[in-house]
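Shown next: target-v4.cif, given as mmCIF, C-alpha atoms.
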```cif
data_model
#
loop_
_atom_site.group_PDB
_atom_site.id
_atom_site.type_symbol
_atom_site.label_atom_id
_atom_site.label_comp_id
_atom_site.auth_asym_id
_atom_site.auth_seq_id
_atom_site.Cartn_x
_atom_site.Cartn_y
_atom_site.Cartn_z
ATOM 1 C CA MET Z 1 11.975 -67.634 -44.970
ATOM 2 C CA LYS Z 2 8.574 -66.035 -45.629
ATOM 3 C CA GLU Z 3 7.435 -67.452 -42.368
ATOM 4 C CA ARG Z 4 10.363 -65.870 -40.603
ATOM 5 C CA LYS Z 5 9.728 -62.416 -42.185
ATOM 6 C CA ARG Z 6 6.083 -62.617 -41.163
ATOM 7 C CA LYS Z 7 7.014 -63.416 -37.561
ATOM 8 C CA SER Z 8 9.553 -60.559 -37.554
ATOM 9 C CA ARG Z 9 6.908 -58.144 -38.785
ATOM 10 C CA THR Z 10 4.451 -59.363 -36.220
ATOM 11 C CA TRP Z 11 7.003 -58.888 -33.449
ATOM 12 C CA LEU Z 12 7.876 -55.461 -34.845
ATOM 13 C CA TRP Z 13 4.182 -54.415 -34.725
ATOM 14 C CA VAL Z 14 3.833 -55.834 -31.231
ATOM 15 C CA ILE Z 15 6.882 -53.868 -30.064
ATOM 16 C CA VAL Z 16 5.645 -50.659 -31.782
ATOM 17 C CA ALA Z 17 2.167 -51.098 -30.246
ATOM 18 C CA LEU Z 18 3.744 -51.778 -26.859
ATOM 19 C CA LEU Z 19 5.923 -48.635 -27.086
ATOM 20 C CA ILE Z 20 2.929 -46.521 -28.150
ATOM 21 C CA GLY Z 21 0.907 -47.940 -25.249
ATOM 22 C CA ILE Z 22 3.690 -47.239 -22.756
ATOM 23 C CA GLY Z 23 4.125 -43.700 -24.143
ATOM 24 C CA MET Z 24 0.407 -42.960 -23.851
ATOM 25 C CA GLY Z 25 0.348 -44.393 -20.343
ATOM 26 C CA VAL Z 26 3.252 -42.228 -19.209
ATOM 27 C CA TYR Z 27 1.673 -39.116 -20.834
ATOM 28 C CA GLY Z 28 -1.686 -39.816 -19.201
ATOM 29 C CA ASP Z 29 -0.075 -40.451 -15.826
ATOM 30 C CA ILE Z 30 1.886 -37.185 -15.992
ATOM 31 C CA ARG Z 31 -1.139 -35.196 -17.182
ATOM 32 C CA TYR Z 32 -3.583 -36.483 -14.590
ATOM 33 C CA ARG Z 33 -1.192 -36.475 -11.658
ATOM 34 C CA ALA Z 34 0.046 -32.929 -12.288
ATOM 35 C CA PRO Z 35 -0.988 -30.578 -9.492
ATOM 36 C CA LYS Z 36 -4.102 -28.683 -10.435
ATOM 37 C CA GLU Z 37 -4.540 -24.991 -9.786
ATOM 38 C CA PRO Z 38 -7.126 -24.352 -7.116
ATOM 39 C CA GLU Z 39 -10.358 -22.909 -8.406
ATOM 40 C CA LEU Z 40 -10.290 -19.160 -7.898
ATOM 41 C CA THR Z 41 -13.263 -18.256 -5.721
ATOM 42 C CA SER Z 42 -14.078 -15.425 -3.352
ATOM 43 C CA ALA Z 43 -13.741 -17.884 -0.465
ATOM 44 C CA PHE Z 44 -10.222 -18.842 -1.621
ATOM 45 C CA VAL Z 45 -9.077 -15.211 -1.923
ATOM 46 C CA SER Z 46 -10.877 -14.271 1.305
ATOM 47 C CA GLY Z 47 -9.072 -17.096 3.086
ATOM 48 C CA LYS Z 48 -5.727 -15.779 1.856
ATOM 49 C CA LEU Z 49 -6.546 -12.260 3.084
ATOM 50 C CA GLU Z 50 -7.975 -13.365 6.428
ATOM 51 C CA ALA Z 51 -4.815 -15.368 7.084
ATOM 52 C CA VAL Z 52 -3.051 -12.043 7.613
ATOM 53 C CA SER Z 53 -6.194 -10.337 9.032
ATOM 54 C CA GLU Z 54 -5.184 -7.256 11.058
ATOM 55 C CA LEU Z 55 -2.213 -6.137 9.028
ATOM 56 C CA THR Z 56 0.166 -3.483 10.337
ATOM 57 C CA THR Z 57 1.929 -1.952 7.359
ATOM 58 C CA ALA Z 58 3.461 1.231 8.777
ATOM 59 C CA ARG Z 59 4.986 2.351 12.062
ATOM 60 C CA LEU Z 60 6.012 5.700 13.442
ATOM 61 C CA THR Z 61 8.142 6.536 16.453
ATOM 62 C CA TYR Z 62 7.202 9.926 17.858
ATOM 63 C CA THR Z 63 8.856 11.968 20.608
ATOM 64 C CA GLY Z 64 6.667 14.609 22.158
ATOM 65 C CA LEU Z 65 6.725 17.359 24.771
ATOM 66 C CA ILE Z 66 3.701 18.145 26.922
ATOM 67 C CA LYS Z 67 3.284 21.033 29.319
ATOM 68 C CA TYR Z 68 0.770 19.958 31.937
ATOM 69 C CA SER Z 69 -1.006 22.209 34.409
ATOM 70 C CA GLU Z 70 -3.798 21.466 36.883
ATOM 71 C CA GLY Z 71 -5.369 23.850 39.390
ATOM 72 C CA LYS Z 72 -5.631 27.641 39.377
ATOM 73 C CA ILE Z 73 -3.655 29.191 42.234
ATOM 74 C CA PRO Z 74 0.160 28.882 41.943
ATOM 75 C CA PHE Z 75 1.853 27.189 44.942
ATOM 76 C CA LEU Z 76 -1.510 26.439 46.619
ATOM 77 C CA THR Z 77 -3.594 24.401 44.112
ATOM 78 C CA GLN Z 78 -1.704 24.500 40.807
ATOM 79 C CA ASN Z 79 0.479 21.549 39.811
ATOM 80 C CA SER Z 80 2.485 21.870 36.624
ATOM 81 C CA PHE Z 81 5.307 20.130 34.843
ATOM 82 C CA SER Z 82 6.730 19.449 31.403
ATOM 83 C CA MET Z 83 7.005 15.902 30.172
ATOM 84 C CA ILE Z 84 9.016 14.394 27.316
ATOM 85 C CA TYR Z 85 7.928 10.969 26.090
ATOM 86 C CA THR Z 86 8.366 8.529 23.197
ATOM 87 C CA ALA Z 87 5.465 6.758 21.497
ATOM 88 C CA LYS Z 88 5.153 4.071 18.836
ATOM 89 C CA VAL Z 89 2.201 4.361 16.467
ATOM 90 C CA ARG Z 90 1.025 1.415 14.320
ATOM 91 C CA ALA Z 91 -1.202 1.845 11.247
ATOM 92 C CA GLY Z 92 -2.735 -0.650 8.859
ATOM 93 C CA VAL Z 93 -5.937 -2.392 7.817
ATOM 94 C CA ASP Z 94 -8.212 -5.223 8.859
ATOM 95 C CA LEU Z 95 -8.171 -7.449 5.774
ATOM 96 C CA ALA Z 96 -11.155 -9.413 7.052
ATOM 97 C CA GLN Z 97 -13.183 -6.354 5.962
ATOM 98 C CA ALA Z 98 -11.861 -6.388 2.374
ATOM 99 C CA GLY Z 99 -14.327 -6.740 -0.509
ATOM 100 C CA ILE Z 100 -13.581 -9.308 -3.212
ATOM 101 C CA GLU Z 101 -15.008 -9.492 -6.740
ATOM 102 C CA ILE Z 102 -13.792 -12.169 -9.148
ATOM 103 C CA GLY Z 103 -14.573 -11.792 -12.840
ATOM 104 C CA GLU Z 104 -13.412 -13.483 -16.010
ATOM 105 C CA ALA Z 105 -10.808 -10.792 -16.763
ATOM 106 C CA GLN Z 106 -9.945 -9.322 -13.364
ATOM 107 C CA VAL Z 107 -9.967 -9.729 -9.615
ATOM 108 C CA VAL Z 108 -10.977 -6.579 -7.713
ATOM 109 C CA ILE Z 109 -9.957 -6.223 -4.060
ATOM 110 C CA THR Z 110 -11.571 -3.310 -2.217
ATOM 111 C CA LEU Z 111 -9.569 -2.540 0.919
ATOM 112 C CA PRO Z 112 -10.969 -0.758 3.969
ATOM 113 C CA GLU Z 113 -9.422 2.591 4.879
ATOM 114 C CA CYS Z 114 -6.148 2.407 6.767
ATOM 115 C CA GLU Z 115 -6.445 3.387 10.400
ATOM 116 C CA VAL Z 116 -4.275 3.968 13.423
ATOM 117 C CA GLN Z 117 -4.270 0.585 15.147
ATOM 118 C CA SER Z 118 -2.464 1.567 18.341
ATOM 119 C CA ILE Z 119 -0.574 4.312 20.112
ATOM 120 C CA ASP Z 120 1.806 2.955 22.720
ATOM 121 C CA ILE Z 121 3.555 5.336 25.100
ATOM 122 C CA PHE Z 122 6.814 3.931 26.452
ATOM 123 C CA GLU Z 123 6.470 4.657 30.160
ATOM 124 C CA GLN Z 124 10.212 4.200 30.713
ATOM 125 C CA SER Z 125 10.851 7.038 28.253
ATOM 126 C CA ILE Z 126 8.853 9.612 30.256
ATOM 127 C CA GLU Z 127 10.965 12.377 31.759
ATOM 128 C CA PHE Z 128 9.591 15.227 33.872
ATOM 129 C CA TYR Z 129 10.957 18.789 33.913
ATOM 130 C CA ASP Z 130 9.934 22.109 35.488
ATOM 131 C CA GLU Z 131 7.938 20.427 38.218
ATOM 132 C CA HIS Z 132 5.867 22.728 40.427
ATOM 133 C CA TRP Z 133 3.723 21.009 43.018
ATOM 134 C CA ALA Z 134 0.929 22.679 44.954
ATOM 135 C CA LEU Z 135 0.638 22.651 48.708
ATOM 136 C CA PHE Z 136 -3.007 21.528 48.706
ATOM 137 C CA ASN Z 137 -3.163 19.587 45.424
ATOM 138 C CA ARG Z 138 -0.283 17.131 45.682
ATOM 139 C CA THR Z 139 -0.383 14.230 43.214
ATOM 140 C CA GLU Z 140 2.211 11.528 42.709
ATOM 141 C CA LYS Z 141 3.993 11.598 39.373
ATOM 142 C CA GLU Z 142 4.018 7.779 39.442
ATOM 143 C CA ASP Z 143 0.291 7.996 38.840
ATOM 144 C CA VAL Z 144 0.764 8.548 35.116
ATOM 145 C CA ILE Z 145 -2.707 7.627 33.892
ATOM 146 C CA ASP Z 146 -3.586 11.239 33.122
ATOM 147 C CA THR Z 147 -0.213 11.921 31.571
ATOM 148 C CA ILE Z 148 -0.416 8.790 29.367
ATOM 149 C CA SER Z 149 -3.848 9.915 28.134
ATOM 150 C CA ALA Z 150 -2.495 13.416 27.518
ATOM 151 C CA ALA Z 151 0.477 11.958 25.620
ATOM 152 C CA LYS Z 152 -1.813 9.846 23.403
ATOM 153 C CA GLU Z 153 -3.923 12.899 22.641
ATOM 154 C CA ASP Z 154 -0.737 14.862 21.873
ATOM 155 C CA VAL Z 155 0.287 12.149 19.368
ATOM 156 C CA ARG Z 156 -3.146 12.280 17.686
ATOM 157 C CA GLN Z 157 -2.922 16.071 17.349
ATOM 158 C CA ASN Z 158 0.749 16.621 16.510
ATOM 159 C CA ALA Z 159 2.230 13.507 14.887
ATOM 160 C CA ASP Z 160 2.121 13.265 11.085
ATOM 161 C CA LEU Z 161 -0.569 10.578 11.071
ATOM 162 C CA GLU Z 162 -1.760 11.526 7.582
ATOM 163 C CA SER Z 163 1.598 10.545 6.053
ATOM 164 C CA LEU Z 164 1.664 7.414 8.208
ATOM 165 C CA LEU Z 165 -1.768 6.344 6.904
ATOM 166 C CA GLU Z 166 -0.765 7.112 3.313
ATOM 167 C CA SER Z 167 2.362 4.996 3.717
ATOM 168 C CA ALA Z 168 0.293 2.211 5.294
ATOM 169 C CA GLY Z 169 -2.031 2.258 2.279
ATOM 170 C CA GLN Z 170 0.851 1.995 -0.186
ATOM 171 C CA GLN Z 171 2.476 -0.827 1.753
ATOM 172 C CA THR Z 172 -0.843 -2.679 2.038
ATOM 173 C CA ARG Z 173 -1.405 -2.537 -1.725
ATOM 174 C CA GLN Z 174 2.134 -3.857 -2.353
ATOM 175 C CA LEU Z 175 1.669 -6.717 0.107
ATOM 176 C CA ILE Z 176 -1.716 -7.720 -1.334
ATOM 177 C CA LYS Z 177 -0.242 -7.642 -4.840
ATOM 178 C CA GLY Z 178 2.592 -9.921 -3.745
ATOM 179 C CA LEU Z 179 0.212 -12.237 -1.898
ATOM 180 C CA LEU Z 180 -2.316 -12.703 -4.713
ATOM 181 C CA GLU Z 181 -0.550 -12.041 -8.013
ATOM 182 C CA ASP Z 182 0.594 -15.643 -8.516
ATOM 183 C CA GLU Z 183 -2.764 -17.044 -7.398
ATOM 184 C CA ILE Z 184 -5.061 -15.349 -9.917
ATOM 185 C CA GLY Z 185 -3.606 -16.729 -13.123
ATOM 186 C CA GLU Z 186 -4.005 -14.517 -16.202
ATOM 187 C CA ARG Z 187 -6.551 -12.187 -14.596
ATOM 188 C CA GLU Z 188 -5.702 -8.551 -13.873
ATOM 189 C CA LEU Z 189 -5.422 -7.667 -10.177
ATOM 190 C CA VAL Z 190 -7.129 -4.387 -9.266
ATOM 191 C CA ILE Z 191 -6.625 -3.078 -5.732
ATOM 192 C CA GLN Z 192 -8.713 -0.125 -4.657
ATOM 193 C CA GLN Z 193 -9.273 1.632 -1.364
#
```

File written out as C-alpha cells:
Amino acid sequence: MKERKRKSRTWLWVIVALLIGIGMGVYGDIRYRAPKEPELTSAFVSGKLEAVSELTTARLTYTGLIKYSEGKIPFLTQNSFSMIYTAKVRAGVDLAQAGIEIGEAQVVITLPECEVQSIDIFEQSIEFYDEHWALFNRTEKEDVIDTISAAKEDVRQNADLESLLESAGQQTRQLIKGLLEDEIGERELVIQQ
C-alpha cells in the first residue's frame, strides 16, 4: 500500500509539473507572439504624414462678376463685356514639409502654413453680358485665356480666402490628430502651425 501511495504521489507531481510547464509554455507563446508596437521614430511619423502628402482640407465655390474693357475709343477700338463665372478653390498643406519632434513626453508636429493649392474656373459656367465689340479690335470670345486669368485674379482679390485658409488649418489639425493619436502611445500630441 505504501508503494501504491508513493507511485500516486509521484504521478501527481508529474501531472502538476506537466500542467505548470504547459501553462508557462502557453503564456510565453502568447507573450512573444503578441504584435509589438512599432518603435515611434521621426521616420515612422514622417512616413504616415507623407502618405497623405499634399492634403486638401478645405474647398470654396465662388461665383464672380467681371467687367472687362480693352481699348480706348468706343465702337472703334474698345471691346467690353461683363462675365459671370464659377470657380472652385482648394486650400490645404503639403505634409511632406511638416516638422516632427519626438520626445519622451510628447510628439510635436509643426505644420507648414496652409495655402491656396488651386483655383479652377469652370469654363462651361462662363456667361457673357453687355458685349460691345470694336470695329478695329475684334477678338473672339472663345479665346478665353485673358478672361480666365482675369477671373483667377478676381477670385484672389474678392473671395474670402482668409476664412478658407483658416478652415483648412483647423481641418488639417483635426486630420493629423486622428491619423497619429493612436500611434503615439501615452505621449501628448502637440500640433502647431

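When only C-alpha atoms are used to measure the gap to Z:Ile100, the shortest distance among Z:Leu189, Z:Ala150, Z:Leu55, Z:Ile119 belongs to Z:Leu189.
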
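Among Z:Ser82, Z:Thr147, Z:Thr110, Z:Ser125, the residue with the shortest atom-to-atom distance to Z:Thr172, counting all atoms listed in the file, is Z:Thr110.
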
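The gap separating atom CA of Z:Glu162 from atom CA of Z:Gly99 is 23.6 Å, in Å to one decimal.
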
Practice problem: Carefully work through the PyMOL selection byres ((chain Z and resi 192) around 8) for this structure and note down the residues it includes, as number ranges by chain. | Solution: Z: 108-111, 190-191, 193

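Coordinates place atom CA of Z:Ala87 at a distance of 12.7 Å from atom CA of Z:Asp160.
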
Self-check item: Straight-line distance linking atom CA of Z:Gln117 with atom CA of Z:Thr63, stated in Å to one decimal
Solution: 18.2 Å

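The result of the PyMOL selection byres ((chain Z and resi 168) around 7) on the shown file is Thr57, Ala58, Ala91, Gly92, Cys114, Leu164, Leu165, Glu166, Ser167, Gly169, Gln170, Gln171 and Thr172 of chain Z.
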
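Distance annotation: of Z:Lys67, Z:Ser163, Z:Glu54, Z:Leu60, the residue with the minimal separation from Z:Ala96 is Z:Glu54; atom set is all atoms listed in the file.
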